[in-house]
Amino acid sequence: MTEFLQQLNEPQRKAVTCTEGPVMVIAGAGSGKTRVLTYRVAWLLSQGVEPFNILALTFTNKAAREMKERIAQLVGASKAKSLWMGTFHSIFARILRMEADKLGFPQNFTIYDTTDSKRLLKGLIKEQELDDKTYAPGFVLGRISNAKNNLISAQDYNEDFEIQSQDQAARKPKLGMLYSLYQQRLRRASAMDFDDLLFNTNVLLRDFPESLYHYQQKFRYILVDEYQDTNFSQYLIVKKLAANNENICVVGDDAQSIYAFRGANIQNILNFKRDYPDFQIFKLEQNYRSTQNIVNAANSVIAHNKDQIFKKVWTDNHQGEKIHIVRAASEAEEASWISERIFSLRMNQQLPNKDFAILYRTNAQSRSLEEALRKRNIPYRIFGGQSFYDRKEVKDVMAYFRLVINPNDEEAFRRVINFPARGIGQTTLAKMEAAATNAGKSLFEVAASPLEYGIDMHSGVRTKIESFLVMIRGFAAQLYKLDAFELGDKIIAQSGIRKHLFEDETPENINRRENVEELLSALKDFVITPSEETGQPQFRALDEYMQDVALLTDADKKDDPADNDKVSLMTIHAAKGLEFPYVFISGVEENLFPSLLSINSRQELEEERRLFYVALTRAMQQATITYAESRFRYGSFNFCEPSRFIDELDPNFIQYLKGGPAKKPQQQTQSFSESRKQFMKAVQSPPAASHAKPPSGSAAAAADDFVILTGAQLAAGNRVQHQRFGMGTVDVVEGSGPDAKATVTFEGFGKKMLLLKFARLKKIN
DNA sequence: AAAGCGGTACTTTTT
DNA sequence: GTACCGCTTT
């Protein structure tokens with residue numbers, strides 16, 4: 001039973017068997033972290049700890065599922081199934097459903113996803129007649145999210161002098177009011193957003209000592225994976241739950257912290273040391289995953305970060321090949337080079353497709369890669385991107401489900417009241433919303449008795465609303481009479497969605513139909529899955545299915561094991577925790593990776609660097625870095641330069657495979673970023689001619705003459721010079737500010753449309 | 001009230 | 001390139 005301990009090295013074994021008291025494991029990339037976590041759980045079980053006394057919190061659903069599977073292999077499926085293992089959000093959503101009445105929520109509360117939250121905020125901003133640029137919904141939501149993650153309630157927010165003066169200074173004094181209104185509306189809709197799941201768990205543990213005591217007793221052993229990615233709210237939940245037994249084990253790697261943008265707080269590692277002064281720390285520094293070249297190259301990059309916990313990741317593995325660096329002229333060339341390379345490696349070495357992964361910074365980059373792979377008939381699978389659950393048709397169907405389960409769910413109501421079109425338009429909806437806000441009731445209640453709430457509308461409209469409500473109530477009455485699949489199918493039929501999707505045969509519509517059918521087959525799957533406890537088939541209702549579907553992402557859909565020999569395409573964020581023999585990191589260009597939005601602060605830049613570190617350390621055999629000198633972005637063509645991260649790699653571990661090192665001296669990268677910064681600061685005024693450092697070489701001297709011009713500085717007929725295209729004449733200047741474009745006819749290159757915020761031109765007088 | 005049009009703004013990463 | 005807004009027309 002415990003012979004698996006033999007497979008561990010010394011620090012790993014200690015991290016597994018030191019079960020009592022606080023433990024921190026600092027686990028370098030590829031150091032067997034997952035193995036330690038799974039073995040630790042298995043070890044606890046072998047020591048007689050009951051599975052339902054173990055709480056293991058992971059960062060993604062996928063990580064939880066995989067860990068559960070591995071534990072099941074060690075200790076058997078029945079034990080593994082009773083473990084409390086999942087993401088913070090899913091575990092505490094489950095607990096909040098059980099305890100909902102304490103917090104004044106119904107047990108069937110809805111979980112709003114980011115789209116719902118933004119829509120709600122957008123409505124509020126409009127209602128309050130605020131400018132939706134000063135108060136961009138995404139920004140406001142970010143602000144609220146940040147507050148919640150730091151356990152600042154709407155009331156706290158409005159009463160905090162410092163926050164208020166900060167908002168005043170930013171000329172956004174209404175943020176606090178929006179926060180309050182947003183919370184009111186969530187409550188009216190019986191809904192929680194993602195951050196509320198954690199916030200309200202904290203409220204539960206703070207205000208209900210008997211609940212706190214209950215869960216402290218229940219969760220005798222607590223494990224937290226990816227500790228560096230937890231935020232303050234999560235930290236505090238863990239701290240409270242562990243307060244009694246202090247059998248807490250956190251595992252993390254500061255070098256792989258890539259979620260600070262979402263409130264993750266490396267500070268939590270320091271908090272841990274403060275909270276549990278007698279903690280034990282184990283450092284896993286031996287990398288079993290990658291070659292020496294990969295480990296060393298990754299170390300050389302991360303060394304540029306100032307914020308670090310000291311550790312020395314090393315490996316016994318063979319040296320391997322150097323990191324390959326490839327320059328391509330365009331993103332299309334980059335993509336075809338990668339797919340050619342995969343094709344030949346696969347052929348020459350008889351490798352399966354699944355040995356390859358292509359990583360990128362942003363989802364938008366997947367398109368050209370997909371095209372290139374398709375062209376060569378290389379099967380691939382995209383992880384992430386637009387989630388299945390984010391598709392419009394899927395959301396529409398799920399909005400019906402949500403409304404049936406929770407009639408107060410306002411975002412769902414809004415979505416489907418007139419979909420498929422049934423003659424209830426904006427005017428009517430606006431009347432109902434005004435009345436609902438006045439009366440403090442949900443839309444559904446107001447719609448049910450319009451006269452009572454003083455809404456005047458035509459009798460025809462009233463009849464339509466009435467029959468919509470009758471339909472929804474009818475579905476609701478069958479929630480526990482029909483199983484999830486039967487009811488789902490009935491809803492799709494009776495709501496008119498199915499008819500709507502069969503109205504025409506456009507490819508999009510066919511695709512939508514397939515997606516809806518896929519949702520139905522997921523429901524079918526759900527109802528035929530036997531009970532975990534008894535193994536017997538059981539009745540499963542739609543609300544049970546919907547419970548945590550809001551917390552699922554595409555990555556959580558189980559894949560078909562018979563059909564998974566595919567090249568993986570995903571963002572680096574999505575690749576965290578995974579490994580592949582051959583990894584291609586594409587689009588390693590300045591302003592893309594690191595992202596343009598991050599280059600102004602050291603903290604953000606360091607996060608990008610950690611991201612690059614994560615990307616490199618996914619590779620077992622070989623990592624290849626590619627960049628393109630030009631790329632389509634925002635629908636227009638622009639030029640790119642290799643990322644600073646390439647320069648930061650120790651030259652001993654890299655090799656230029658195609659194209660050779662960048663021709664331009666590094667100096668120029670800097671002057672470009674400088675001028676860009678200048679540009680961002682003052683869009684209207686041209687950058688000062690003398691801001692750049694004195695050029696060191698003649699190439700740089702020439703390059704410095706090319707500057708970013710504003711639309712106002714150019715007019716039709718002007719002669720300009722471009723570094724690559726040479727001399728040309730401006731045909732027309734369109735747009736203004738950051739969108740200004742110029743069409744220029746170059747001698748020898750023809751007509752080019754240039755986005756002025758990217759193009760560097762020299763104006764010839 | 002619905003559908004069709006043109007203009008605009010937005011594009012980082014995820015539970 | 002695309003999603004979404006607000007306008008216009010039917």
# chains A, B, ... in the order shown; residues from 1 in each chain; ligands from 1

call {"tool": "select_by_dssp", "arguments": {"residues": "stretch 212-242 of chain A", "states": "alpha helix (DSSP H)", "output": "list in words"}}
result
Leu212, Tyr213, His214, Tyr215, Gln216, Gln217, Lys218, Phe232, Ser233, Gln234, Tyr235, Leu236, Ile237, Val238, Lys239, Lys240, Leu241 and Ala242 of chain A

call {"tool": "residues_around", "arguments": {"residues": "C:DC4", "least_positions_apart": "4", "cutoff": "12 Å", "atoms": "only C-alpha atoms (C1' of nucleotides)", "output": "ChimeraX atom specification"}}
result
/B:7-10

call {"tool": "interface_residues", "arguments": {"of": "chain A", "to": "chain B", "cutoff": "8 Å", "atoms": "only C-alpha atoms (C1' of nucleotides)", "output": "ChimeraX atom specification"}}
result
/A:60,89,194,259,361-362,423-425,551,571,573,595,634

call {"tool": "interface_residues", "arguments": {"of": "chain C", "to": "chain A", "cutoff": "12 Å", "atoms": "only C-alpha atoms (C1' of nucleotides)", "output": "mmCIF file with N, CA and C atoms (P, O5', C5', C4', C3', O3' and C1' of nucleotides), in the first residue's frame"}}
result
data_model
loop_
_atom_site.group_PDB
_atom_site.id
_atom_site.type_symbol
_atom_site.label_atom_id
_atom_site.label_comp_id
_atom_site.auth_asym_id
_atom_site.auth_seq_id
_atom_site.Cartn_x
_atom_site.Cartn_y
_atom_site.Cartn_z
ATOM 1 P P DG C 1 -11.075 40.168 -42.842
ATOM 2 O "O5'" DG C 1 -10.227 39.829 -41.662
ATOM 3 C "C5'" DG C 1 -9.731 39.592 -40.445
ATOM 4 C "C4'" DG C 1 -10.595 39.291 -39.245
ATOM 5 C "C3'" DG C 1 -12.114 39.246 -39.429
ATOM 6 O "O3'" DG C 1 -12.663 38.146 -38.700
ATOM 7 C "C1'" DG C 1 -11.560 40.905 -37.841
ATOM 8 P P DT C 2 -14.170 37.734 -38.712
ATOM 9 O "O5'" DT C 2 -14.713 38.434 -37.378
ATOM 10 C "C5'" DT C 2 -14.182 38.001 -36.123
ATOM 11 C "C4'" DT C 2 -14.862 38.782 -35.021
ATOM 12 C "C3'" DT C 2 -16.399 38.775 -35.112
ATOM 13 O "O3'" DT C 2 -16.907 38.657 -33.796
ATOM 14 C "C1'" DT C 2 -15.639 40.968 -34.995
ATOM 15 P P DA C 3 -18.189 37.781 -33.522
ATOM 16 O "O5'" DA C 3 -18.710 38.457 -32.177
ATOM 17 C "C5'" DA C 3 -17.773 38.895 -31.193
ATOM 18 C "C4'" DA C 3 -18.291 40.145 -30.534
ATOM 19 C "C3'" DA C 3 -19.803 40.176 -30.342
ATOM 20 O "O3'" DA C 3 -20.081 40.652 -29.036
ATOM 21 C "C1'" DA C 3 -19.113 42.083 -31.544
#

call {"tool": "residues_around", "arguments": {"residues": "A:Thr110", "least_positions_apart": "6", "cutoff": "7 Å", "atoms": "only C-alpha atoms (C1' of nucleotides)", "output": "VMD selection string"}}
result
chain A and resid 190 to 192 406 409

call {"tool": "write_last_selection", "arguments": {"atoms": "C-alpha atoms", "output": "compact mmCIF listing (two decimals), in the first residue's frame"}}
result
# COMPACT_ATOMS: atom_id res chain seq x y z
CA SER A 190 -30.81 35.44 -6.13
CA ALA A 191 -27.44 35.37 -7.78
CA MET A 192 -23.77 35.41 -6.83
CA ASN A 406 -34.50 30.39 -10.39
CA ASP A 409 -32.50 35.25 -12.39

call {"tool": "closest_residue", "arguments": {"among": "A:Thr58, A:Gln494, A:Asn305, A:Gln547", "to": "A:Gln107", "atoms": "only C-alpha atoms"}}
result
A:Gln547

call {"tool": "select_by_dssp", "arguments": {"residues": "stretch 45-294 of chain A", "states": "strand (DSSP E)", "output": "ChimeraX atom specification"}}
result
/A:54-58,84-87,110-112,191-193,221-224,248-252,280-284,286-287

call {"tool": "write_last_selection", "arguments": {"atoms": "C-alpha atoms", "output": "PDB file, in the first residue's frame"}}
result
ATOM      1  CA  ILE A  54      -9.636  15.747   3.513  1.00  0.00           C
ATOM      2  CA  LEU A  55     -10.087  19.017   1.661  1.00  0.00           C
ATOM      3  CA  ALA A  56      -7.897  19.499  -1.385  1.00  0.00           C
ATOM      4  CA  LEU A  57      -8.201  22.773  -3.243  1.00  0.00           C
ATOM      5  CA  THR A  58      -6.937  23.138  -6.767  1.00  0.00           C
ATOM      6  CA  TRP A  84     -13.461  16.954  -1.073  1.00  0.00           C
ATOM      7  CA  MET A  85     -11.337  17.849  -4.007  1.00  0.00           C
ATOM      8  CA  GLY A  86     -11.999  20.691  -6.411  1.00  0.00           C
ATOM      9  CA  THR A  87     -11.478  24.349  -7.144  1.00  0.00           C
ATOM     10  CA  THR A 110     -27.654  31.276  -9.730  1.00  0.00           C
ATOM     11  CA  ILE A 111     -23.968  31.793 -10.352  1.00  0.00           C
ATOM     12  CA  TYR A 112     -23.433  34.751 -12.684  1.00  0.00           C
ATOM     13  CA  ALA A 191     -27.437  35.371  -7.781  1.00  0.00           C
ATOM     14  CA  MET A 192     -23.774  35.405  -6.827  1.00  0.00           C
ATOM     15  CA  ASP A 193     -20.871  36.244  -9.081  1.00  0.00           C
ATOM     16  CA  TYR A 221      -6.479  17.854   6.610  1.00  0.00           C
ATOM     17  CA  ILE A 222      -6.271  20.663   4.112  1.00  0.00           C
ATOM     18  CA  LEU A 223      -4.148  20.837   0.970  1.00  0.00           C
ATOM     19  CA  VAL A 224      -3.877  23.833  -1.307  1.00  0.00           C
ATOM     20  CA  ILE A 248      -2.417  22.460   6.358  1.00  0.00           C
ATOM     21  CA  CYS A 249      -0.171  21.893   3.421  1.00  0.00           C
ATOM     22  CA  VAL A 250       0.270  24.497   0.728  1.00  0.00           C
ATOM     23  CA  VAL A 251       2.153  23.827  -2.474  1.00  0.00           C
ATOM     24  CA  GLY A 252       3.318  26.474  -4.837  1.00  0.00           C
ATOM     25  CA  GLN A 280       8.029  23.154   7.953  1.00  0.00           C
ATOM     26  CA  ILE A 281       9.249  24.018   4.489  1.00  0.00           C
ATOM     27  CA  PHE A 282      10.335  21.587   1.794  1.00  0.00           C
ATOM     28  CA  LYS A 283      11.879  22.721  -1.432  1.00  0.00           C
ATOM     29  CA  LEU A 284      11.535  20.497  -4.456  1.00  0.00           C
ATOM     30  CA  GLN A 286      15.135  18.635  -8.830  1.00  0.00           C
ATOM     31  CA  ASN A 287      13.431  18.839 -12.174  1.00  0.00           C
TER      32      ASN A 287
END

call {"tool": "atom_distance", "arguments": {"atom1": "atom CA of A:Thr291", "atom2": "atom CA of A:Ala27"}}
result
17.5 Å

call {"tool": "atom_distance", "arguments": {"atom1": "atom CA of A:Ala574", "atom2": "atom CA of A:Thr230"}}
result
16.5 Å
